[in-house]
$ cat protein-v9.txt   # compact mmCIF, C-alpha atoms and all ligand atoms
# COMPACT_ATOMS: atom_id res chain seq x y z
CA MET A 91 73.80 -55.57 77.01
CA LYS A 92 76.56 -54.37 74.69
CA ILE A 93 78.31 -51.30 76.08
CA LEU A 94 80.90 -49.29 74.17
CA VAL A 95 83.42 -47.85 76.64
CA ILE A 96 85.34 -44.80 75.44
CA ASN A 97 88.40 -43.24 77.06
CA CYS A 98 89.32 -40.16 75.10
CA GLY A 99 92.67 -38.37 75.49
CA SER A 100 93.97 -35.27 73.78
CA SER A 101 95.26 -37.17 70.73
CA SER A 102 94.08 -40.70 71.44
CA LEU A 103 90.90 -42.68 71.94
CA LYS A 104 90.75 -46.09 73.63
CA TYR A 105 87.65 -48.23 73.20
CA GLN A 106 86.19 -51.55 74.27
CA LEU A 107 82.89 -53.10 73.32
CA ILE A 108 81.84 -55.13 76.35
CA ASP A 109 79.13 -57.74 76.74
CA SER A 110 77.85 -56.96 80.23
CA GLU A 111 76.34 -60.45 80.68
CA THR A 112 79.55 -62.41 80.01
CA GLU A 113 81.73 -59.52 81.33
CA HIS A 114 84.08 -60.12 78.37
CA TYR A 115 85.09 -57.67 75.70
CA LEU A 116 83.96 -58.36 72.15
CA ALA A 117 86.48 -55.95 70.59
CA LYS A 118 88.93 -53.37 71.76
CA GLY A 119 91.36 -50.92 70.30
CA LEU A 120 93.15 -47.63 70.30
CA CYS A 121 93.17 -44.66 67.93
CA GLU A 122 96.36 -42.65 68.23
CA ARG A 123 97.90 -39.57 66.66
CA ILE A 124 94.46 -37.98 66.18
CA GLY A 125 94.93 -34.58 64.54
CA ILE A 126 98.49 -35.50 63.48
CA ASP A 127 98.06 -38.35 60.99
CA GLY A 128 96.20 -41.25 62.59
CA VAL A 129 96.49 -44.96 63.36
CA LEU A 130 93.84 -47.34 64.58
CA ASN A 131 94.76 -50.65 66.27
CA HIS A 132 91.79 -52.98 66.57
CA SER A 133 91.60 -56.44 68.09
CA VAL A 134 88.93 -59.09 68.47
CA PRO A 135 89.51 -62.23 70.56
CA GLY A 136 90.46 -65.13 68.30
CA LYS A 137 91.11 -62.94 65.23
CA ASP A 138 94.27 -61.33 63.84
CA LYS A 139 95.00 -57.81 65.04
CA PHE A 140 94.16 -55.12 62.52
CA VAL A 141 95.96 -51.81 61.95
CA ASP A 142 94.46 -49.01 59.86
CA GLU A 143 96.58 -45.96 59.07
CA SER A 144 93.83 -43.88 57.44
CA PRO A 145 94.00 -40.22 58.53
CA LEU A 146 92.15 -39.23 61.70
CA PRO A 147 92.00 -35.42 61.52
CA THR A 148 89.51 -35.04 64.40
CA HIS A 149 88.08 -37.02 67.32
CA LYS A 150 84.81 -37.25 65.40
CA ASP A 151 86.72 -39.02 62.60
CA ALA A 152 88.22 -41.36 65.22
CA VAL A 153 84.78 -42.22 66.64
CA SER A 154 83.50 -42.75 63.07
CA ALA A 155 86.43 -45.07 62.35
CA VAL A 156 85.71 -47.06 65.53
CA LEU A 157 82.01 -47.41 64.69
CA LYS A 158 82.89 -48.41 61.12
CA ILE A 159 85.31 -51.13 62.20
CA LEU A 160 82.95 -52.47 64.87
CA THR A 161 80.28 -52.96 62.17
CA ASP A 162 82.67 -54.17 59.44
CA PRO A 163 81.45 -57.55 58.08
CA GLU A 164 84.95 -59.06 58.41
CA LYS A 165 86.77 -57.28 61.21
CA GLY A 166 83.74 -56.19 63.18
CA VAL A 167 81.65 -57.89 65.85
CA ILE A 168 78.20 -56.35 65.39
CA SER A 169 75.99 -56.00 62.33
CA SER A 170 74.62 -52.55 63.11
CA LEU A 171 75.07 -49.67 65.54
CA GLU A 172 71.61 -50.49 66.92
CA GLU A 173 73.30 -53.36 68.77
CA ILE A 174 75.22 -50.91 70.96
CA ASP A 175 72.91 -50.40 73.95
CA ALA A 176 74.89 -47.55 75.51
CA VAL A 177 78.21 -45.73 75.53
CA GLY A 178 80.15 -45.28 78.79
CA HIS A 179 82.67 -42.44 78.81
CA ARG A 180 85.57 -42.15 81.21
CA VAL A 181 85.97 -38.60 82.49
CA VAL A 182 88.90 -37.65 84.69
CA HIS A 183 87.60 -34.81 86.85
CA GLY A 184 84.11 -34.40 88.22
CA GLY A 185 85.08 -31.82 90.86
CA GLU A 186 82.53 -31.61 93.66
CA TYR A 187 79.65 -31.88 91.19
CA PHE A 188 79.73 -35.63 90.74
CA SER A 189 79.89 -38.28 93.45
CA LYS A 190 78.74 -41.03 91.11
CA ALA A 191 78.36 -41.90 87.45
CA VAL A 192 75.55 -40.10 85.61
CA LEU A 193 73.76 -40.23 82.27
CA VAL A 194 74.88 -37.55 79.84
CA SER A 195 72.73 -34.42 79.56
CA ASP A 196 73.42 -30.81 78.57
CA ASP A 197 73.73 -29.93 82.27
CA VAL A 198 76.28 -32.73 82.82
CA ILE A 199 78.31 -31.55 79.82
CA GLU A 200 78.33 -28.01 81.19
CA LYS A 201 79.55 -29.15 84.61
CA ILE A 202 82.34 -31.30 83.11
CA GLY A 203 83.40 -28.14 81.26
CA LEU A 204 83.43 -26.21 84.55
CA CYS A 205 85.87 -28.81 85.96
CA SER A 206 88.29 -28.31 83.05
CA ASP A 207 90.27 -25.80 85.07
CA LEU A 208 91.14 -28.63 87.49
CA ALA A 209 92.15 -31.10 84.75
CA PRO A 210 93.12 -28.97 81.74
CA LEU A 211 94.82 -31.81 79.88
CA HIS A 212 92.04 -34.34 80.35
CA ASN A 213 88.53 -32.92 80.72
CA PRO A 214 88.49 -30.98 77.43
CA ALA A 215 89.64 -34.12 75.59
CA ASN A 216 87.01 -36.22 77.39
CA LEU A 217 84.34 -33.72 76.35
CA ILE A 218 85.43 -33.84 72.71
CA GLY A 219 84.92 -37.62 72.79
CA ILE A 220 81.47 -37.31 74.37
CA ASN A 221 80.34 -34.66 71.89
CA ALA A 222 81.66 -36.66 68.92
CA CYS A 223 79.70 -39.73 70.08
CA ARG A 224 76.56 -37.67 70.71
CA GLU A 225 76.70 -36.35 67.15
CA LEU A 226 77.24 -39.75 65.57
CA MET A 227 74.91 -41.77 67.82
CA PRO A 228 72.25 -39.24 68.88
CA ASN A 229 69.78 -41.87 70.06
CA THR A 230 72.14 -44.05 72.09
CA PRO A 231 72.14 -43.48 75.87
CA MET A 232 75.48 -42.36 77.25
CA SER A 233 76.98 -42.29 80.71
CA VAL A 234 80.00 -40.58 82.21
CA VAL A 235 82.07 -42.30 84.88
CA PHE A 236 84.46 -40.07 86.78
CA ASP A 237 87.93 -40.89 88.13
CA THR A 238 87.23 -38.62 91.09
CA ALA A 239 83.66 -39.65 91.98
CA PHE A 240 84.42 -42.60 94.28
CA HIS A 241 86.55 -40.33 96.48
CA GLN A 242 83.81 -37.76 97.05
CA THR A 243 82.88 -39.59 100.27
CA MET A 244 86.18 -38.48 101.85
CA PRO A 245 85.46 -36.49 105.00
CA ARG A 246 86.41 -32.83 105.18
CA LYS A 247 89.35 -33.55 107.47
CA ALA A 248 90.86 -35.76 104.72
CA TYR A 249 90.22 -33.51 101.75
CA LEU A 250 91.13 -30.09 103.11
CA TYR A 251 94.66 -28.78 102.66
CA GLY A 252 96.14 -26.68 105.44
CA ILE A 253 95.92 -23.47 103.41
CA PRO A 254 93.55 -20.47 103.62
CA TYR A 255 89.97 -21.78 103.47
CA SER A 256 89.04 -19.11 100.93
CA TYR A 257 91.16 -20.96 98.32
CA TYR A 258 88.93 -23.97 98.78
CA GLU A 259 85.78 -21.84 98.59
CA GLU A 260 86.87 -19.69 95.66
CA TYR A 261 88.98 -22.05 93.57
CA GLY A 262 87.98 -25.53 94.71
CA ILE A 263 91.51 -26.26 95.96
CA ARG A 264 91.14 -29.50 97.90
CA ARG A 265 92.07 -33.14 97.56
CA TYR A 266 89.94 -35.01 95.01
CA GLY A 267 91.79 -38.26 94.32
CA PHE A 268 91.90 -40.27 91.07
CA HIS A 269 91.75 -43.90 89.82
CA GLY A 270 88.36 -44.00 91.60
CA THR A 271 86.84 -46.50 89.17
CA SER A 272 89.70 -48.90 89.90
CA HIS A 273 89.59 -48.43 93.70
CA ASN A 274 85.83 -48.96 93.69
CA TYR A 275 86.02 -52.04 91.46
CA VAL A 276 88.90 -53.69 93.33
CA SER A 277 87.44 -53.08 96.81
CA HIS A 278 84.19 -54.74 95.69
CA ARG A 279 86.10 -57.68 94.22
CA VAL A 280 87.97 -58.09 97.53
CA ALA A 281 84.70 -58.19 99.49
CA LYS A 282 83.41 -60.79 97.06
CA LEU A 283 86.58 -62.88 97.37
CA MET A 284 86.30 -62.70 101.16
CA GLY A 285 82.64 -63.66 100.97
CA ARG A 286 81.70 -60.77 103.25
CA PRO A 287 79.57 -57.66 102.78
CA ILE A 288 81.71 -54.68 101.85
CA GLU A 289 79.84 -52.65 104.50
CA ASP A 290 81.65 -54.71 107.18
CA LEU A 291 85.16 -54.36 105.79
CA LYS A 292 88.10 -51.96 106.01
CA ILE A 293 90.12 -52.33 102.81
CA ILE A 294 93.28 -50.64 101.57
CA VAL A 295 93.65 -50.69 97.78
CA CYS A 296 97.11 -50.11 96.29
CA HIS A 297 96.74 -49.19 92.62
CA LEU A 298 100.36 -49.39 91.48
CA GLY A 299 100.92 -48.64 87.81
CA ASN A 300 102.70 -45.94 85.90
CA GLY A 301 100.45 -43.66 87.94
CA SER A 302 99.94 -44.97 91.47
CA SER A 303 97.51 -44.24 94.27
CA ILE A 304 96.36 -45.86 97.50
CA SER A 305 92.89 -45.65 99.01
CA ALA A 306 91.38 -46.37 102.39
CA VAL A 307 87.91 -47.87 101.86
CA ASP A 308 85.81 -48.22 105.00
CA GLY A 309 82.47 -49.97 104.60
CA GLY A 310 82.64 -49.53 100.81
CA LYS A 311 83.23 -45.78 101.07
CA CYS A 312 86.51 -44.05 100.35
CA VAL A 313 87.70 -42.22 103.48
CA ASP A 314 91.12 -41.18 102.18
CA THR A 315 93.28 -41.49 99.09
CA SER A 316 96.82 -40.52 98.22
CA MET A 317 96.34 -38.39 95.09
CA GLY A 318 95.22 -34.83 95.68
CA MET A 319 93.88 -31.92 93.67
CA THR A 320 95.92 -33.37 90.82
CA PRO A 321 97.48 -36.82 90.31
CA LEU A 322 100.88 -35.45 91.36
CA GLU A 323 100.38 -36.01 95.10
CA GLY A 324 101.09 -39.21 97.02
CA MET A 325 103.11 -42.17 95.79
CA ILE A 326 106.42 -42.05 93.99
CA MET A 327 105.26 -42.94 90.46
CA GLY A 328 106.77 -43.71 87.05
CA THR A 329 107.63 -40.10 86.31
CA ARG A 330 105.75 -38.17 89.05
CA SER A 331 107.43 -37.16 92.27
CA GLY A 332 104.46 -37.70 94.59
CA ASP A 333 104.56 -35.90 97.95
CA LEU A 334 107.24 -33.29 98.52
CA ASP A 335 107.87 -30.11 100.44
CA PRO A 336 106.22 -27.37 98.31
CA ALA A 337 109.12 -25.02 99.05
CA ILE A 338 111.22 -27.27 96.78
CA VAL A 339 109.39 -25.82 93.78
CA GLN A 340 110.71 -22.33 94.47
CA TYR A 341 114.15 -23.67 95.36
CA ILE A 342 114.56 -25.59 92.08
CA ALA A 343 113.14 -22.64 90.11
CA LYS A 344 115.84 -20.37 91.53
CA LYS A 345 118.71 -22.85 91.27
CA GLU A 346 117.89 -23.99 87.74
CA ASN A 347 116.52 -20.65 86.51
CA MET A 348 113.18 -22.23 85.64
CA SER A 349 109.58 -20.99 85.66
CA ILE A 350 107.06 -22.66 87.98
CA ASP A 351 105.52 -24.35 84.93
CA GLN A 352 108.92 -25.80 84.02
CA VAL A 353 109.49 -27.12 87.54
CA LEU A 354 106.01 -28.68 87.54
CA ASP A 355 106.88 -30.31 84.24
CA VAL A 356 109.95 -31.87 85.90
CA LEU A 357 107.85 -33.04 88.85
CA ASN A 358 105.25 -34.59 86.53
CA LYS A 359 107.40 -35.99 83.75
CA LYS A 360 111.00 -36.38 84.87
CA SER A 361 110.74 -37.42 88.52
CA GLY A 362 109.60 -40.54 90.37
CA LEU A 363 111.25 -43.83 89.36
CA LEU A 364 112.71 -42.15 86.29
CA GLY A 365 114.11 -39.23 88.25
CA ILE A 366 115.69 -41.31 91.02
CA SER A 367 117.04 -44.10 88.80
CA GLY A 368 118.09 -41.81 85.95
CA THR A 369 117.33 -44.65 83.55
CA SER A 370 113.66 -45.55 83.22
CA SER A 371 110.14 -44.95 84.47
CA ASP A 372 109.21 -48.55 83.70
CA PHE A 373 109.16 -50.79 86.76
CA ARG A 374 110.46 -53.80 84.84
CA ASP A 375 113.55 -51.82 83.85
CA ILE A 376 114.03 -50.74 87.46
CA LEU A 377 113.84 -54.37 88.60
CA SER A 378 116.32 -55.67 86.05
CA ALA A 379 118.76 -52.78 86.60
CA SER A 380 118.68 -53.25 90.36
CA GLU A 381 119.20 -57.02 89.94
CA GLN A 382 122.36 -56.12 88.02
CA GLY A 383 123.55 -54.04 90.94
CA ASP A 384 122.56 -50.56 89.73
CA GLU A 385 122.47 -48.54 92.99
CA ARG A 386 120.20 -45.79 91.67
CA ALA A 387 117.65 -48.33 90.45
CA LYS A 388 117.81 -49.97 93.90
CA ALA A 389 117.25 -46.59 95.51
CA ALA A 390 114.20 -46.04 93.27
CA PHE A 391 112.74 -49.43 94.21
CA GLU A 392 113.32 -48.85 97.91
CA ALA A 393 111.82 -45.36 97.92
CA PHE A 394 108.82 -46.60 95.91
CA ALA A 395 108.18 -49.46 98.36
CA TYR A 396 108.79 -47.35 101.46
CA ARG A 397 106.23 -44.72 100.42
CA ILE A 398 103.63 -47.47 99.96
CA VAL A 399 104.37 -48.90 103.42
CA LYS A 400 104.04 -45.44 105.00
CA TYR A 401 100.69 -44.77 103.35
CA ILE A 402 99.32 -48.17 104.30
CA GLY A 403 100.37 -47.53 107.91
CA SER A 404 98.67 -44.16 107.92
CA TYR A 405 95.46 -45.59 106.45
CA VAL A 406 95.36 -48.35 109.06
CA ALA A 407 95.50 -45.52 111.60
CA ALA A 408 92.86 -43.48 109.72
CA MET A 409 90.43 -46.43 109.70
CA ASN A 410 91.44 -47.74 113.13
CA GLY A 411 92.20 -51.12 111.58
CA VAL A 412 92.27 -53.02 108.32
CA ASP A 413 90.80 -56.33 107.13
CA ALA A 414 92.38 -56.58 103.69
CA ILE A 415 95.10 -55.04 101.56
CA ALA A 416 94.80 -55.37 97.78
CA PHE A 417 97.33 -54.78 95.01
CA THR A 418 96.30 -53.88 91.49
CA ALA A 419 97.39 -52.27 88.16
CA GLY A 420 100.53 -53.05 86.11
CA ILE A 421 102.97 -53.28 89.02
CA GLY A 422 100.58 -54.37 91.78
CA GLU A 423 99.03 -57.18 89.71
CA ASN A 424 102.22 -58.52 88.19
CA ASN A 425 105.11 -58.07 90.56
CA SER A 426 105.38 -60.41 93.53
CA LEU A 427 108.55 -58.73 94.82
CA ILE A 428 106.90 -55.38 95.54
CA ARG A 429 103.97 -57.13 97.26
CA GLU A 430 106.35 -59.27 99.34
CA THR A 431 108.54 -56.26 100.21
CA VAL A 432 105.57 -54.13 101.29
CA LEU A 433 103.73 -56.86 103.17
CA SER A 434 106.83 -58.06 105.03
CA SER A 435 107.04 -54.56 106.53
CA LEU A 436 103.49 -54.97 107.79
CA ALA A 437 104.01 -58.17 109.78
CA TYR A 438 103.10 -56.19 112.91
CA LEU A 439 99.52 -56.04 111.59
CA GLY A 440 99.36 -59.81 111.40
CA VAL A 441 99.80 -60.12 107.62
CA LYS A 442 101.36 -63.41 106.56
CA VAL A 443 102.26 -63.84 102.90
CA ASP A 444 101.92 -67.23 101.22
CA PRO A 445 104.98 -67.25 98.90
CA GLU A 446 103.47 -69.80 96.49
CA LYS A 447 100.25 -67.89 96.05
CA ASN A 448 102.12 -64.60 95.83
CA ALA A 449 104.10 -66.03 92.89
CA LEU A 450 100.88 -66.62 90.87
CA ARG A 451 100.04 -64.10 88.17
CA GLY A 452 97.16 -62.96 86.07
CA ASP A 453 94.19 -63.90 88.20
CA GLU A 454 92.45 -62.74 91.36
CA VAL A 455 94.28 -64.45 94.19
CA MET A 456 94.52 -64.27 97.96
CA ILE A 457 98.26 -64.00 98.52
CA SER A 458 98.14 -64.26 102.32
CA THR A 459 97.94 -67.49 104.29
CA GLU A 460 94.57 -68.78 105.55
CA ASP A 461 95.52 -67.83 109.14
CA SER A 462 96.74 -64.34 108.24
CA VAL A 463 94.85 -61.87 110.46
CA VAL A 464 94.81 -59.24 107.69
CA LYS A 465 94.18 -60.76 104.27
CA ALA A 466 96.13 -59.69 101.18
CA PHE A 467 95.08 -59.97 97.54
CA ALA A 468 96.32 -59.42 94.01
CA VAL A 469 93.34 -58.31 91.91
CA PRO A 470 93.62 -57.38 88.24
CA THR A 471 91.78 -54.10 87.79
CA ASN A 472 89.35 -53.71 84.94
CA GLU A 473 88.29 -50.10 84.64
CA GLU A 474 86.52 -50.66 81.32
CA LEU A 475 84.36 -53.44 82.77
CA ALA A 476 83.63 -51.26 85.80
CA ILE A 477 82.52 -48.41 83.50
CA ALA A 478 80.31 -50.83 81.55
CA GLN A 479 78.79 -52.16 84.79
CA GLU A 480 78.10 -48.67 86.12
CA THR A 481 76.50 -47.75 82.78
CA VAL A 482 74.22 -50.79 82.90
CA ALA A 483 73.24 -49.96 86.50
CA LEU A 484 72.38 -46.38 85.49
CA LEU A 485 70.21 -47.57 82.60
CA GLN A 486 68.42 -50.08 84.81
CA ASN A 487 67.66 -47.43 87.41
CA ALA A 488 66.72 -44.71 84.89
P1 LIG A 501 99.87 -49.51 84.23
O1 LIG A 501 100.03 -48.01 84.30
O2 LIG A 501 98.83 -50.04 85.16
O3 LIG A 501 99.70 -50.01 82.82
O4 LIG A 501 101.26 -50.13 84.74
C1 LIG A 501 102.47 -49.88 84.08
C2 LIG A 501 103.62 -50.33 84.96
O5 LIG A 501 103.46 -51.71 85.27
C3 LIG A 501 104.99 -50.16 84.32
O6 LIG A 501 105.89 -49.59 85.26
C4 LIG A 501 105.39 -51.59 84.03
O7 LIG A 501 106.79 -51.78 84.10
C5 LIG A 501 104.72 -52.33 85.16
N1 LIG A 501 104.60 -53.75 84.85
C6 LIG A 501 103.86 -54.33 83.88
N2 LIG A 501 104.07 -55.68 83.86
C7 LIG A 501 104.97 -55.93 84.85
C8 LIG A 501 105.58 -57.11 85.36
N3 LIG A 501 105.33 -58.30 84.82
N4 LIG A 501 106.46 -56.99 86.40
C9 LIG A 501 106.72 -55.79 86.93
N5 LIG A 501 106.15 -54.64 86.50
C10 LIG A 501 105.31 -54.70 85.49
$ encode --input "protein-v9.txt" --output "structure tokens" --more "lines below"
Ligand code: AMP
Amino acid sequence: MKILVINCGSSSLKYQLIDSETEHYLAKGLCERIGIDGVLNHSVPGKDKFVDESPLPTHKDAVSAVLKILTDPEKGVISSLEEIDAVGHRVVHGGEYFSKAVLVSDDVIEKIGLCSDLAPLHNPANLIGINACRELMPNTPMSVVFDTAFHQTMPRKAYLYGIPYSYYEEYGIRRYGFHGTSHNYVSHRVAKLMGRPIEDLKIIVCHLGNGSSISAVDGGKCVDTSMGMTPLEGMIMGTRSGDLDPAIVQYIAKKENMSIDQVLDVLNKKSGLLGISGTSSDFRDILSASEQGDERAKAAFEAFAYRIVKYIGSYVAAMNGVDAIAFTAGIGENNSLIRETVLSSLAYLGVKVDPEKNALRGDEVMISTEDSVVKAFAVPTNEELAIAQETVALLQNA
């Protein structure tokens, strides 16, 4: 089947057309600056990249441009829109309504709208993308795959905050978790690589990118994850602070004469690796600066690694054991130093790193030795493929 995967942001739209049989993409691209001016970057394996700077006043224009380029006789990869079997949309927040991917209906659209309060920057943009596609391809089945859904299996003790229960009941304030598509995909890949049923395994997935989160996956079900009601909780990230004492918000507001919104902006956009190092949110910059002896970059690296080690330790405790630890996303897939640093702090669990395998890049690889009690893996995540696979599964079961 050919599945068009759409990830719609407030002024951008990422797409991939995926062949679900070969699991390869046929074309992919990104529309940016929607509503400002517009630029579309389109690429097809084996062909030159193509850039179109025609205006994109609305998301509907962006979807139209994508459909036009996909069917273009020269730059395209299909001869008609009929060849697209389904569209899979990424949606950030499904609240407590959605514990798995679903086919789009009016009821689903309404519920995604009800979750907008919890993800005001993302859900409205996701909905615009869905509605634009529905208008332009009214007869094509569509699915929505939620970043939060995989974490809906978390038990109450893991998702409740220690605040008045009425806030949970009235406002839905609880931990939801994000990057669920990636955690789900990577934990299944790990089970496959181990040649064991996922139902028998306790797996910790470290999704380390610009945004980072860690999940504890017991028997294929998420039992805890580090992000919370919003993606701000948990790891130290590119620009997000991760966990901190909430009283700090008031303290900074008073000291710096800021509103709560301004402090939250600092915690989301000016903290994390960027905030500690004072130079960059990009992990490669942190690595090269710390190699050159920059103490603040070193401090950022150490704090980043230490937080990961602490979370892994707590998830081993939460699951009463662990069989495998997996690293994924930009940093987790590509950087052997962070994997080595984290895993060497976990020697007490019986993890033994194989330095040669840990140095490999780009592919799924077991980076622990054969006799390592707990296995470790680097697994490239592929959220678009996971969305396409979930869409195919929904269509087959419909
Ligand atoms: P993501 O959000 O998954 O795209 O990951 C982005 C992060 O991955 C950035 O901090 C990048 O610096 C980091 N990253 C990408 N490639 C590498 C690499 N080869 N070595 C270290 N970090 C990398």
$ residues_around --input "protein-v9.txt" --residues "Gly452 in chain A" --least-positions-apart "4" --cutoff "10 Å" --atoms "only C-alpha atoms" --output "number ranges by chain"
A: 423-424, 468-470
$ residues_around --input "protein-v9.txt" --residues "Gly318 in chain A" --least-positions-apart "4" --cutoff "10 Å" --atoms "all atoms listed in the file" --output "number ranges by chain"
A: 238, 249-251, 263-268, 303, 314, 322-324, 332-333
$ axis_aligned_box --input "protein-v9.txt" --around "ligand LIG 501 (chain A)" --padding-each-side "8 Å" --output "AutoDock Vina command-line options"
--center_x 102.8 --center_y -53.2 --center_z 84.9 --size_x 24.0 --size_y 26.3 --size_z 20.1
$ atom_distance --input "protein-v9.txt" --atom1 "CA of Leu475 in chain A" --atom2 "atom O4 of ligand LIG 501 (chain A)"
17.3 Å
$ residues_near_ligand --input "protein-v9.txt" --ligand "ligand LIG 501 (chain A)" --cutoff "7 Å" --atoms "only C-alpha atoms and all ligand atoms" --output "mmCIF file with C-alpha atoms, keeping the file's coordinate frame"
data_model
loop_
_atom_site.group_PDB
_atom_site.id
_atom_site.type_symbol
_atom_site.label_atom_id
_atom_site.label_comp_id
_atom_site.auth_asym_id
_atom_site.auth_seq_id
_atom_site.Cartn_x
_atom_site.Cartn_y
_atom_site.Cartn_z
ATOM 1 C CA LEU A 298 100.360 -49.390 91.480
ATOM 2 C CA GLY A 299 100.920 -48.640 87.810
ATOM 3 C CA ASN A 300 102.700 -45.940 85.900
ATOM 4 C CA GLY A 301 100.450 -43.660 87.940
ATOM 5 C CA GLY A 328 106.770 -43.710 87.050
ATOM 6 C CA SER A 371 110.140 -44.950 84.470
ATOM 7 C CA ASP A 372 109.210 -48.550 83.700
ATOM 8 C CA PHE A 373 109.160 -50.790 86.760
ATOM 9 C CA ARG A 374 110.460 -53.800 84.840
ATOM 10 C CA ASP A 375 113.550 -51.820 83.850
ATOM 11 C CA ALA A 419 97.390 -52.270 88.160
ATOM 12 C CA GLY A 420 100.530 -53.050 86.110
ATOM 13 C CA ILE A 421 102.970 -53.280 89.020
ATOM 14 C CA ASN A 424 102.220 -58.520 88.190
ATOM 15 C CA ASN A 425 105.110 -58.070 90.560
#
$ residues_around --input "protein-v9.txt" --residues "Ser144 in chain A" --least-positions-apart "5" --cutoff "12 Å" --atoms "only C-alpha atoms" --output "list in words"
Cys121, Glu122, Arg123, Ile124, Gly125, Ile126, Asp127, Gly128, Val129, Leu130, Asn131, Asp151, Ala152, Ser154, Ala155 and Val156 of chain A
$ atom_distance --input "protein-v9.txt" --atom1 "CA of Met409 in chain A" --atom2 "CA of Ser305 in chain A"
11.0 Å
$ residues_around --input "protein-v9.txt" --residues "Lys150 in chain A" --least-positions-apart "6" --cutoff "8 Å" --atoms "all atoms listed in the file" --output "PyMOL selection string"
chain A and resi 219+222-223+226
$ residues_near_point --input "protein-v9.txt" --point "(86.9, -47.9, 92.4)" --cutoff "7 Å" --atoms "only C-alpha atoms" --output "number ranges by chain"
A: 240, 269-277
$ write_last_selection --input "protein-v9.txt" --atoms "C-alpha atoms" --output "CSV table (one decimal), keeping the file's coordinate frame"
chain,number,residue,atom,x,y,z
A,240,PHE,CA,84.4,-42.6,94.3
A,269,HIS,CA,91.8,-43.9,89.8
A,270,GLY,CA,88.4,-44.0,91.6
A,271,THR,CA,86.8,-46.5,89.2
A,272,SER,CA,89.7,-48.9,89.9
A,273,HIS,CA,89.6,-48.4,93.7
A,274,ASN,CA,85.8,-49.0,93.7
A,275,TYR,CA,86.0,-52.0,91.5
A,276,VAL,CA,88.9,-53.7,93.3
A,277,SER,CA,87.4,-53.1,96.8
$ closest_residue --input "protein-v9.txt" --among "A:Ala281, A:Pro214, A:Leu334, A:Leu208" --to "Met319 in chain A" --atoms "all atoms listed in the file"
A:Leu208
$ atom_distance --input "protein-v9.txt" --atom1 "CA of Leu204 in chain A" --atom2 "CA of Gly178 in chain A"
20.2 Å
$ residues_around --input "protein-v9.txt" --residues "Val235 in chain A" --least-positions-apart "2" --cutoff "9 Å" --atoms "all atoms listed in the file" --output "PyMOL selection string"
chain A and resi 178-182+184+190-193+233+237-239+271+477+480-481
$ closest_residue --input "protein-v9.txt" --among "A:Val356, A:Leu439, A:Val313, A:Ile457" --to "Ala408 in chain A" --atoms "only C-alpha atoms"
A:Val313
$ closest_residue --input "protein-v9.txt" --among "A:Val95, A:Leu354, A:Ile402, A:Ile174" --to "Ile342 in chain A" --atoms "all atoms listed in the file"
A:Leu354
$ closest_residue --input "protein-v9.txt" --among "A:Val412, A:Glu392, A:Thr329, A:Thr148" --to "Thr369 in chain A" --atoms "all atoms listed in the file"
A:Thr329
$ closest_residue --input "protein-v9.txt" --among "A:Gly440, A:Pro163, A:Pro287, A:Gly99" --to "Asn216 in chain A" --atoms "only C-alpha atoms"
A:Gly99
$ closest_residue --input "protein-v9.txt" --among "A:Gly119, A:Gly383, A:Gly362, A:Gly136" --to "Gln106 in chain A" --atoms "all atoms listed in the file"
A:Gly119
$ residues_near_point --input "protein-v9.txt" --point "(73.9, -48.4, 74.5)" --cutoff "7 Å" --atoms "all atoms listed in the file" --output "PyMOL selection string"
chain A and resi 92-93+174-177+230-232
$ build_atoms --input "protein-v9.txt" --residues "range 367-373 of chain A" --atoms "N, CA, C and O atoms" --output "compact mmCIF listing (two decimals), in the frame of the given file"
# COMPACT_ATOMS: atom_id res chain seq x y z
N SER A 367 116.15 -43.11 89.43
CA SER A 367 117.04 -44.10 88.80
C SER A 367 117.91 -43.45 87.72
O SER A 367 119.03 -43.90 87.46
N GLY A 368 117.36 -42.43 87.06
CA GLY A 368 118.09 -41.81 85.95
C GLY A 368 118.05 -42.66 84.69
O GLY A 368 118.65 -42.30 83.69
N THR A 369 117.34 -43.80 84.74
CA THR A 369 117.33 -44.65 83.55
C THR A 369 115.94 -44.87 82.96
O THR A 369 115.75 -44.72 81.76
N SER A 370 114.95 -45.20 83.80
CA SER A 370 113.66 -45.55 83.22
C SER A 370 112.53 -45.31 84.21
O SER A 370 112.72 -45.37 85.43
N SER A 371 111.33 -45.06 83.63
CA SER A 371 110.14 -44.95 84.47
C SER A 371 109.44 -46.29 84.57
O SER A 371 108.49 -46.46 85.32
N ASP A 372 109.89 -47.26 83.78
CA ASP A 372 109.21 -48.55 83.70
C ASP A 372 109.73 -49.47 84.81
O ASP A 372 110.92 -49.70 84.95
N PHE A 373 108.79 -50.01 85.58
CA PHE A 373 109.16 -50.79 86.76
C PHE A 373 109.99 -52.03 86.41
O PHE A 373 110.88 -52.42 87.14
